[in-house]
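Content type mmCIF, C-alpha atoms, from the file run.cif:
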```
data_my_file
#
loop_
_atom_site.group_PDB
_atom_site.id
_atom_site.type_symbol
_atom_site.label_atom_id
_atom_site.label_comp_id
_atom_site.auth_asym_id
_atom_site.auth_seq_id
_atom_site.Cartn_x
_atom_site.Cartn_y
_atom_site.Cartn_z
ATOM 1 C CA MET A 1365 161.299 71.640 56.704
ATOM 2 C CA THR A 1366 164.760 70.114 56.900
ATOM 3 C CA THR A 1367 165.385 69.206 60.556
ATOM 4 C CA ILE A 1368 163.327 66.378 62.038
ATOM 5 C CA GLY A 1369 163.105 65.429 65.692
ATOM 6 C CA PHE A 1370 162.295 61.710 65.895
ATOM 7 C CA ILE A 1371 161.061 60.258 69.197
ATOM 8 C CA GLY A 1372 160.648 56.494 69.529
ATOM 9 C CA LEU A 1373 163.270 54.395 67.773
ATOM 10 C CA GLY A 1374 162.015 50.868 68.248
ATOM 11 C CA ILE A 1375 161.323 48.091 65.733
ATOM 12 C CA MET A 1376 159.488 50.495 63.433
ATOM 13 C CA GLY A 1377 160.964 53.863 64.359
ATOM 14 C CA ARG A 1378 164.609 52.992 63.873
ATOM 15 C CA PRO A 1379 164.422 51.969 60.180
ATOM 16 C CA MET A 1380 162.076 54.884 59.518
ATOM 17 C CA ALA A 1381 164.648 57.282 60.988
ATOM 18 C CA PHE A 1382 167.383 55.674 58.899
ATOM 19 C CA ASN A 1383 165.303 56.178 55.750
ATOM 20 C CA LEU A 1384 164.841 59.861 56.570
ATOM 21 C CA LEU A 1385 168.599 60.223 56.935
ATOM 22 C CA THR A 1386 169.073 58.475 53.598
ATOM 23 C CA ALA A 1387 166.627 60.946 52.053
ATOM 24 C CA GLY A 1388 168.852 63.817 53.200
ATOM 25 C CA TYR A 1389 167.010 65.145 56.233
ATOM 26 C CA GLU A 1390 168.833 66.365 59.296
ATOM 27 C CA LEU A 1391 167.641 64.296 62.202
ATOM 28 C CA VAL A 1392 167.739 64.500 65.979
ATOM 29 C CA GLY A 1393 166.774 61.134 67.469
ATOM 30 C CA LEU A 1394 165.569 60.317 70.965
ATOM 31 C CA SER A 1395 165.871 56.746 72.196
ATOM 32 C CA ARG A 1396 166.251 55.164 75.625
ATOM 33 C CA HIS A 1397 168.813 52.724 74.244
ATOM 34 C CA CYS A 1398 172.468 53.715 73.892
ATOM 35 C CA GLU A 1399 172.993 51.238 71.056
ATOM 36 C CA VAL A 1400 170.302 52.892 68.936
ATOM 37 C CA ARG A 1401 171.635 56.369 69.664
ATOM 38 C CA ASP A 1402 175.107 55.238 68.596
ATOM 39 C CA GLN A 1403 173.729 53.805 65.349
ATOM 40 C CA LEU A 1404 172.027 57.108 64.559
ATOM 41 C CA VAL A 1405 175.158 59.129 65.241
ATOM 42 C CA GLU A 1406 177.174 56.781 63.010
ATOM 43 C CA ARG A 1407 174.747 57.599 60.200
ATOM 44 C CA GLY A 1408 175.046 61.352 60.688
ATOM 45 C CA ALA A 1409 172.189 62.126 63.061
ATOM 46 C CA ARG A 1410 172.350 63.896 66.384
ATOM 47 C CA ALA A 1411 171.272 62.127 69.558
ATOM 48 C CA ALA A 1412 168.952 63.726 72.110
ATOM 49 C CA LEU A 1413 168.614 62.696 75.724
ATOM 50 C CA ASP A 1414 165.245 64.356 76.329
ATOM 51 C CA VAL A 1415 162.154 65.569 74.485
ATOM 52 C CA GLU A 1416 163.119 69.229 74.767
ATOM 53 C CA THR A 1417 166.430 68.658 72.978
ATOM 54 C CA ALA A 1418 164.772 66.575 70.273
ATOM 55 C CA CYS A 1419 162.187 69.278 69.581
ATOM 56 C CA SER A 1420 163.758 72.675 70.205
ATOM 57 C CA ASP A 1421 165.420 73.150 66.796
ATOM 58 C CA ALA A 1422 163.195 70.851 64.750
ATOM 59 C CA ASP A 1423 160.955 71.971 61.917
ATOM 60 C CA VAL A 1424 159.088 68.657 62.145
ATOM 61 C CA ILE A 1425 158.683 66.354 65.144
ATOM 62 C CA ILE A 1426 157.710 62.715 64.613
ATOM 63 C CA THR A 1427 156.707 60.267 67.335
ATOM 64 C CA MET A 1428 156.554 56.482 66.947
ATOM 65 C CA LEU A 1429 155.486 55.189 70.357
ATOM 66 C CA PRO A 1430 153.699 52.077 71.677
ATOM 67 C CA ASP A 1431 150.379 53.331 73.078
ATOM 68 C CA SER A 1432 148.044 56.248 73.762
ATOM 69 C CA PRO A 1433 149.374 57.010 77.280
ATOM 70 C CA ASP A 1434 152.939 57.147 75.915
ATOM 71 C CA VAL A 1435 151.965 59.648 73.225
ATOM 72 C CA ALA A 1436 149.902 61.743 75.638
ATOM 73 C CA GLU A 1437 152.784 61.930 78.121
ATOM 74 C CA VAL A 1438 155.464 62.731 75.528
ATOM 75 C CA VAL A 1439 153.382 65.290 73.648
ATOM 76 C CA LEU A 1440 151.108 66.904 76.246
ATOM 77 C CA GLY A 1441 153.378 66.704 79.301
ATOM 78 C CA GLU A 1442 154.941 69.709 80.996
ATOM 79 C CA ARG A 1443 158.214 69.147 79.115
ATOM 80 C CA GLY A 1444 156.549 67.491 76.178
ATOM 81 C CA VAL A 1445 156.525 68.196 72.475
ATOM 82 C CA LEU A 1446 153.936 70.972 72.495
ATOM 83 C CA ASN A 1447 155.769 72.872 75.212
ATOM 84 C CA SER A 1448 159.181 72.335 73.617
ATOM 85 C CA ALA A 1449 158.620 72.791 69.882
ATOM 86 C CA LYS A 1450 158.961 76.189 68.257
ATOM 87 C CA PRO A 1451 155.783 77.898 67.014
ATOM 88 C CA GLY A 1452 155.001 77.077 63.403
ATOM 89 C CA SER A 1453 156.557 73.616 63.556
ATOM 90 C CA LEU A 1454 154.690 70.502 62.468
ATOM 91 C CA TYR A 1455 154.059 67.536 64.753
ATOM 92 C CA ILE A 1456 153.376 64.138 63.137
ATOM 93 C CA ASP A 1457 152.316 61.160 65.231
ATOM 94 C CA MET A 1458 152.989 57.905 63.397
ATOM 95 C CA SER A 1459 152.097 55.704 66.374
ATOM 96 C CA THR A 1460 148.859 53.726 66.550
ATOM 97 C CA VAL A 1461 146.711 55.313 69.256
ATOM 98 C CA SER A 1462 143.162 56.414 69.999
ATOM 99 C CA PRO A 1463 141.625 58.962 67.608
ATOM 100 C CA ASP A 1464 140.539 60.949 70.677
ATOM 101 C CA VAL A 1465 144.172 61.459 71.708
ATOM 102 C CA GLU A 1466 144.977 62.906 68.286
ATOM 103 C CA ARG A 1467 142.042 65.298 68.429
ATOM 104 C CA GLU A 1468 143.113 66.480 71.873
ATOM 105 C CA ILE A 1469 146.678 67.028 70.676
ATOM 106 C CA ALA A 1470 145.473 68.942 67.603
ATOM 107 C CA LEU A 1471 143.320 71.232 69.735
ATOM 108 C CA GLU A 1472 146.110 71.946 72.209
ATOM 109 C CA GLY A 1473 148.603 72.349 69.380
ATOM 110 C CA ARG A 1474 146.496 75.035 67.724
ATOM 111 C CA ARG A 1475 146.540 76.991 70.954
ATOM 112 C CA LYS A 1476 150.327 76.923 70.913
ATOM 113 C CA GLY A 1477 150.776 77.590 67.197
ATOM 114 C CA ILE A 1478 151.881 74.039 66.359
ATOM 115 C CA ARG A 1479 150.246 72.106 63.539
ATOM 116 C CA SER A 1480 149.640 68.395 63.843
ATOM 117 C CA LEU A 1481 148.927 65.315 61.750
ATOM 118 C CA ASP A 1482 148.150 61.771 62.791
ATOM 119 C CA ALA A 1483 149.818 59.438 60.306
ATOM 120 C CA PRO A 1484 149.796 55.827 61.522
ATOM 121 C CA VAL A 1485 151.399 53.237 59.273
ATOM 122 C CA SER A 1486 150.875 49.672 58.118
ATOM 123 C CA GLY A 1487 153.424 47.298 56.658
ATOM 124 C CA GLY A 1488 155.327 46.036 59.673
ATOM 125 C CA GLU A 1489 159.069 46.023 60.192
ATOM 126 C CA LYS A 1490 159.779 44.988 56.584
ATOM 127 C CA GLY A 1491 157.726 47.878 55.256
ATOM 128 C CA ALA A 1492 159.588 50.252 57.555
ATOM 129 C CA ILE A 1493 162.970 48.916 56.390
ATOM 130 C CA ASP A 1494 162.021 48.972 52.697
ATOM 131 C CA ALA A 1495 160.250 52.366 52.920
ATOM 132 C CA THR A 1496 157.088 50.798 51.518
ATOM 133 C CA LEU A 1497 154.746 51.598 54.393
ATOM 134 C CA SER A 1498 151.100 52.446 53.867
ATOM 135 C CA ILE A 1499 150.481 55.790 55.576
ATOM 136 C CA MET A 1500 146.983 57.039 56.463
ATOM 137 C CA VAL A 1501 146.946 60.712 57.415
ATOM 138 C CA GLY A 1502 144.472 62.823 59.366
ATOM 139 C CA GLY A 1503 144.693 66.609 59.689
ATOM 140 C CA GLU A 1504 144.611 69.730 57.567
ATOM 141 C CA LYS A 1505 145.123 69.056 53.845
ATOM 142 C CA GLU A 1506 147.656 71.914 53.626
ATOM 143 C CA ASP A 1507 149.792 70.316 56.333
ATOM 144 C CA PHE A 1508 149.493 66.923 54.650
ATOM 145 C CA LEU A 1509 150.806 68.335 51.371
ATOM 146 C CA LEU A 1510 153.635 70.074 53.200
ATOM 147 C CA ALA A 1511 154.653 66.785 54.823
ATOM 148 C CA MET A 1512 154.356 64.704 51.649
ATOM 149 C CA PRO A 1513 158.128 64.623 50.914
ATOM 150 C CA ILE A 1514 158.685 63.129 54.377
ATOM 151 C CA PHE A 1515 155.970 60.548 53.851
ATOM 152 C CA LYS A 1516 157.426 59.610 50.462
ATOM 153 C CA ALA A 1517 160.736 58.842 52.171
ATOM 154 C CA LEU A 1518 158.914 56.351 54.399
ATOM 155 C CA GLY A 1519 156.123 54.788 52.396
ATOM 156 C CA SER A 1520 154.703 53.936 48.997
ATOM 157 C CA THR A 1521 150.955 54.238 49.641
ATOM 158 C CA ILE A 1522 150.023 57.566 51.188
ATOM 159 C CA ALA A 1523 146.544 59.039 51.591
ATOM 160 C CA HIS A 1524 144.899 61.980 53.330
ATOM 161 C CA VAL A 1525 141.762 60.461 54.878
ATOM 162 C CA GLY A 1526 140.160 63.350 56.760
ATOM 163 C CA PRO A 1527 140.564 65.686 59.755
ATOM 164 C CA ASN A 1528 142.668 65.074 62.859
ATOM 165 C CA GLY A 1529 141.898 61.616 64.237
ATOM 166 C CA ALA A 1530 140.822 60.216 60.867
ATOM 167 C CA GLY A 1531 144.203 58.597 60.267
ATOM 168 C CA GLN A 1532 143.866 56.642 63.497
ATOM 169 C CA THR A 1533 140.298 55.652 62.622
ATOM 170 C CA VAL A 1534 141.445 54.187 59.309
ATOM 171 C CA LYS A 1535 144.346 52.460 61.087
ATOM 172 C CA ALA A 1536 141.834 50.917 63.494
ATOM 173 C CA ALA A 1537 139.976 49.469 60.506
ATOM 174 C CA ASN A 1538 143.298 48.198 59.147
ATOM 175 C CA GLN A 1539 144.060 46.401 62.405
ATOM 176 C CA LEU A 1540 140.554 44.967 62.523
ATOM 177 C CA ILE A 1541 141.009 43.415 59.067
ATOM 178 C CA ILE A 1542 144.502 42.070 59.755
ATOM 179 C CA ALA A 1543 143.495 40.526 63.086
ATOM 180 C CA GLY A 1544 140.478 38.853 61.512
ATOM 181 C CA ALA A 1545 142.585 37.546 58.633
ATOM 182 C CA ILE A 1546 145.165 36.065 61.001
ATOM 183 C CA GLU A 1547 142.410 34.440 63.049
ATOM 184 C CA VAL A 1548 140.699 32.732 60.107
ATOM 185 C CA LEU A 1549 144.061 31.758 58.593
ATOM 186 C CA SER A 1550 144.922 30.171 61.943
ATOM 187 C CA GLU A 1551 141.673 28.201 61.859
ATOM 188 C CA ALA A 1552 142.370 27.043 58.303
ATOM 189 C CA ILE A 1553 145.910 25.869 59.072
ATOM 190 C CA VAL A 1554 144.849 24.021 62.227
ATOM 191 C CA PHE A 1555 142.016 22.391 60.258
ATOM 192 C CA LEU A 1556 144.305 21.343 57.402
ATOM 193 C CA GLN A 1557 147.019 20.008 59.694
ATOM 194 C CA ALA A 1558 144.485 17.942 61.649
ATOM 195 C CA SER A 1559 143.133 16.532 58.378
ATOM 196 C CA GLY A 1560 146.513 15.213 57.228
ATOM 197 C CA VAL A 1561 146.731 17.009 53.880
ATOM 198 C CA GLU A 1562 149.981 17.995 52.131
ATOM 199 C CA MET A 1563 150.411 21.480 53.572
ATOM 200 C CA ASP A 1564 152.654 23.116 50.970
ATOM 201 C CA ALA A 1565 150.380 22.060 48.126
ATOM 202 C CA ALA A 1566 147.268 23.094 50.060
ATOM 203 C CA MET A 1567 148.587 26.581 50.808
ATOM 204 C CA THR A 1568 149.788 27.046 47.213
ATOM 205 C CA VAL A 1569 146.393 26.264 45.730
ATOM 206 C CA LEU A 1570 144.560 28.360 48.325
ATOM 207 C CA ALA A 1571 146.851 31.318 47.707
ATOM 208 C CA GLY A 1572 146.147 31.084 43.977
ATOM 209 C CA GLY A 1573 142.385 31.389 44.410
ATOM 210 C CA LEU A 1574 139.987 33.877 45.941
ATOM 211 C CA ALA A 1575 141.139 32.871 49.430
ATOM 212 C CA GLY A 1576 144.601 34.222 48.707
ATOM 213 C CA SER A 1577 145.688 37.337 50.601
ATOM 214 C CA ARG A 1578 148.752 39.300 51.584
ATOM 215 C CA ILE A 1579 148.349 37.920 55.113
ATOM 216 C CA MET A 1580 148.495 34.375 53.761
ATOM 217 C CA GLU A 1581 151.499 35.257 51.625
ATOM 218 C CA ALA A 1582 153.380 36.922 54.475
ATOM 219 C CA LYS A 1583 152.456 34.722 57.430
ATOM 220 C CA SER A 1584 151.331 31.213 56.468
ATOM 221 C CA GLN A 1585 154.703 29.471 56.164
ATOM 222 C CA ALA A 1586 155.952 30.826 59.488
ATOM 223 C CA MET A 1587 152.675 29.830 61.147
ATOM 224 C CA ILE A 1588 152.936 26.289 59.784
ATOM 225 C CA ALA A 1589 156.525 26.089 61.058
ATOM 226 C CA SER A 1590 155.621 27.716 64.412
ATOM 227 C CA GLN A 1591 158.209 30.441 63.883
ATOM 228 C CA PHE A 1592 157.036 33.684 65.439
ATOM 229 C CA THR A 1593 159.938 36.124 65.308
ATOM 230 C CA PRO A 1594 158.110 39.432 65.800
ATOM 231 C CA GLY A 1595 157.513 41.699 62.862
ATOM 232 C CA PHE A 1596 154.597 43.134 64.816
ATOM 233 C CA ARG A 1597 154.138 42.045 68.427
ATOM 234 C CA LEU A 1598 150.968 40.271 69.442
ATOM 235 C CA ASP A 1599 150.514 42.380 72.580
ATOM 236 C CA LEU A 1600 150.582 45.560 70.474
ATOM 237 C CA HIS A 1601 147.925 44.159 68.174
ATOM 238 C CA ARG A 1602 145.824 43.307 71.203
ATOM 239 C CA LYS A 1603 146.159 46.967 72.259
ATOM 240 C CA ASP A 1604 145.068 48.056 68.788
ATOM 241 C CA LEU A 1605 141.952 45.897 68.974
ATOM 242 C CA GLY A 1606 141.045 47.687 72.185
ATOM 243 C CA ILE A 1607 141.227 50.946 70.220
ATOM 244 C CA VAL A 1608 138.983 49.415 67.541
ATOM 245 C CA LEU A 1609 136.354 48.308 70.043
ATOM 246 C CA ASP A 1610 136.345 51.672 71.815
ATOM 247 C CA ALA A 1611 136.093 53.627 68.556
ATOM 248 C CA ALA A 1612 133.330 51.346 67.277
ATOM 249 C CA LYS A 1613 131.375 51.871 70.486
ATOM 250 C CA ARG A 1614 131.672 55.640 70.090
ATOM 251 C CA ALA A 1615 130.531 55.350 66.474
ATOM 252 C CA GLY A 1616 127.563 53.205 67.508
ATOM 253 C CA VAL A 1617 128.443 50.257 65.281
ATOM 254 C CA ALA A 1618 128.627 46.530 66.015
ATOM 255 C CA VAL A 1619 131.843 44.617 65.331
ATOM 256 C CA PRO A 1620 131.017 41.133 66.637
ATOM 257 C CA ALA A 1621 133.770 39.211 64.850
ATOM 258 C CA THR A 1622 136.336 41.714 66.096
ATOM 259 C CA GLY A 1623 135.067 41.280 69.644
ATOM 260 C CA LEU A 1624 135.677 37.531 69.468
ATOM 261 C CA THR A 1625 139.078 37.998 67.832
ATOM 262 C CA ALA A 1626 140.065 40.478 70.552
ATOM 263 C CA GLN A 1627 139.261 37.839 73.179
ATOM 264 C CA LEU A 1628 141.517 35.333 71.396
ATOM 265 C CA PHE A 1629 144.328 37.894 71.272
ATOM 266 C CA ALA A 1630 143.823 38.531 74.992
ATOM 267 C CA ALA A 1631 144.060 34.784 75.621
ATOM 268 C CA ALA A 1632 147.315 34.661 73.664
ATOM 269 C CA VAL A 1633 148.795 37.449 75.773
ATOM 270 C CA SER A 1634 147.703 35.706 78.982
ATOM 271 C CA GLN A 1635 149.473 32.561 77.733
ATOM 272 C CA GLY A 1636 152.764 34.444 77.447
ATOM 273 C CA LEU A 1637 152.744 34.999 73.674
ATOM 274 C CA GLY A 1638 152.592 38.788 73.792
ATOM 275 C CA HIS A 1639 156.162 39.387 72.635
ATOM 276 C CA GLN A 1640 155.849 36.950 69.733
ATOM 277 C CA ASP A 1641 154.635 37.917 66.269
ATOM 278 C CA HIS A 1642 150.863 38.431 66.071
ATOM 279 C CA SER A 1643 150.652 35.300 63.911
ATOM 280 C CA ALA A 1644 151.355 33.337 67.119
ATOM 281 C CA LEU A 1645 147.599 33.604 67.627
ATOM 282 C CA ILE A 1646 147.510 30.191 65.934
ATOM 283 C CA GLU A 1647 148.848 28.665 69.150
ATOM 284 C CA VAL A 1648 145.593 29.595 70.897
ATOM 285 C CA LEU A 1649 143.581 27.920 68.157
ATOM 286 C CA LYS A 1650 145.754 24.823 68.445
ATOM 287 C CA GLY A 1651 145.061 24.757 72.166
ATOM 288 C CA LEU A 1652 141.318 24.987 71.620
ATOM 289 C CA SER A 1653 141.575 21.945 69.352
ATOM 290 C CA ALA A 1654 144.001 20.095 71.656
ATOM 291 C CA GLN A 1655 146.640 20.119 68.941
ATOM 292 C CA ALA A 1656 150.310 20.124 69.873
#
```
Full structure transcribed into structure tokens:
Amino acid sequence: MTTIGFIGLGIMGRPMAFNLLTAGYELVGLSRHCEVRDQLVERGARAALDVETACSDADVIITMLPDSPDVAEVVLGERGVLNSAKPGSLYIDMSTVSPDVEREIALEGRRKGIRSLDAPVSGGEKGAIDATLSIMVGGEKEDFLLAMPIFKALGSTIAHVGPNGAGQTVKAANQLIIAGAIEVLSEAIVFLQASGVEMDAAMTVLAGGLAGSRIMEAKSQAMIASQFTPGFRLDLHRKDLGIVLDAAKRAGVAVPATGLTAQLFAAAVSQGLGHQDHSALIEVLKGLSAQA
């Protein structure tokens, strides 16, 4: 497993591809953007202009795409991954999509002699750049172990969590927790600002107690300053919450707080905040409290 076809070189995919090159893998990258293709070539990769070229000689194919329809089209389409990859190759989807899509891909892949793993990630752009992503993997344990050197080039916390689709289920839980944390942190900041306290001191003491969290550490100062340069776009997190709600419905479980949070994320997108960082959710909470 030395040649990797990498499809989807956006905010997350590009630094991940760079880290694979640094680790010594041969890489064929597919991106719609000439600038990204040029950057890959400068670092020793080959550039592909279509899925077939990215897959035909690859031992491993990785996709990092925005949504379930994108993955389904690229992988299951007539000229997609499963019809372009050589038998015996391994397909790894590191996007965040529906567990059902991964199970469908795994079933179709088996028919064509192509193994598959779903391996969504958490850690945002910084985690992708620093190769410290958390990677949750669904699929056959044998395939997971085979892919472990690749995962180690991309992340620091890596776990096999069950059969195909299980990685996406765990990622859905991850997105549920993060969204809820951002929502309650937004409420706390709006409350503190309206109460006239010294914000730096308040956040320092909160972070040092049981209320402290990685979300608070990573997001609170930017939220207080209303700086929302995207590390993870709000509209993508809204999409992920749709996956959570659908998966929860199929599992027959209630997620009431997530339902409310999903509505607030939808409101943020409707207010034009979709391309901001997901911490821009605080702007919706400010609006509900008539705070500038």
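Atom pair CA of Ile1425 in chain A / CA of Lys1450 in chain A has a distance of 10.3 Å (rounded to one decimal).
The residues returned by the PyMOL selection byres ((chain A and resi 1655) around 12) on the shown structure are Glu1551, Ile1553, Val1554, Phe1555, Leu1556, Gln1557, Ala1558, Ser1559, Ile1646, Glu1647, Val1648, Leu1649, Lys1650, Gly1651, Leu1652, Ser1653, Ala1654 and Ala1656 of chain A.
Atom pair CA of Asp1507 in chain A / CA of Pro1463 in chain A: separated by 18.0 Å.
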Self-check item: Residues in the PyMOL selection byres ((chain A and resi 1375) around 9), expressed as an NGL selection string
Solution: :A and (1373-1374 or 1376-1379 or 1488-1489 or 1492 or 1595-1596)
Practice problem: Please work out which residues fall within 12 Å of (148.6, 64.4, 78.1), coordinates as given in the file, with all atoms listed in the file counting, and return them as an MDAnalysis selection string. | Solution: chainID A and resid 1432:1447 1464:1470 1472:1473
Practice problem: Just the residues within 9 Å of Ile1499 in chain A, please, counting only C-alpha atoms, with nothing from its chain fewer than 4 positions along; format it as a PyMOL selection string. | Solution: chain A and resi 1458+1483-1486+1515+1518-1524+1531+1535
Given the PyMOL selection byres ((chain A and resi 1423) around 12) and the file above, list the residues it selects as an mmCIF file with C-alpha atoms, in the frame of the given file.
```cif
data_model
loop_
_atom_site.group_PDB
_atom_site.id
_atom_site.type_symbol
_atom_site.label_atom_id
_atom_site.label_comp_id
_atom_site.auth_asym_id
_atom_site.auth_seq_id
_atom_site.Cartn_x
_atom_site.Cartn_y
_atom_site.Cartn_z
ATOM 1 C CA MET A 1365 161.299 71.640 56.704
ATOM 2 C CA THR A 1366 164.760 70.114 56.900
ATOM 3 C CA THR A 1367 165.385 69.206 60.556
ATOM 4 C CA ILE A 1368 163.327 66.378 62.038
ATOM 5 C CA GLY A 1369 163.105 65.429 65.692
ATOM 6 C CA PHE A 1370 162.295 61.710 65.895
ATOM 7 C CA TYR A 1389 167.010 65.145 56.233
ATOM 8 C CA GLU A 1390 168.833 66.365 59.296
ATOM 9 C CA LEU A 1391 167.641 64.296 62.202
ATOM 10 C CA VAL A 1392 167.739 64.500 65.979
ATOM 11 C CA ALA A 1418 164.772 66.575 70.273
ATOM 12 C CA CYS A 1419 162.187 69.278 69.581
ATOM 13 C CA SER A 1420 163.758 72.675 70.205
ATOM 14 C CA ASP A 1421 165.420 73.150 66.796
ATOM 15 C CA ALA A 1422 163.195 70.851 64.750
ATOM 16 C CA VAL A 1424 159.088 68.657 62.145
ATOM 17 C CA ILE A 1425 158.683 66.354 65.144
ATOM 18 C CA ILE A 1426 157.710 62.715 64.613
ATOM 19 C CA SER A 1448 159.181 72.335 73.617
ATOM 20 C CA ALA A 1449 158.620 72.791 69.882
ATOM 21 C CA LYS A 1450 158.961 76.189 68.257
ATOM 22 C CA PRO A 1451 155.783 77.898 67.014
ATOM 23 C CA GLY A 1452 155.001 77.077 63.403
ATOM 24 C CA SER A 1453 156.557 73.616 63.556
ATOM 25 C CA LEU A 1454 154.690 70.502 62.468
ATOM 26 C CA TYR A 1455 154.059 67.536 64.753
ATOM 27 C CA ILE A 1456 153.376 64.138 63.137
ATOM 28 C CA ILE A 1478 151.881 74.039 66.359
ATOM 29 C CA ARG A 1479 150.246 72.106 63.539
ATOM 30 C CA LEU A 1510 153.635 70.074 53.200
ATOM 31 C CA ALA A 1511 154.653 66.785 54.823
ATOM 32 C CA ILE A 1514 158.685 63.129 54.377
#
```
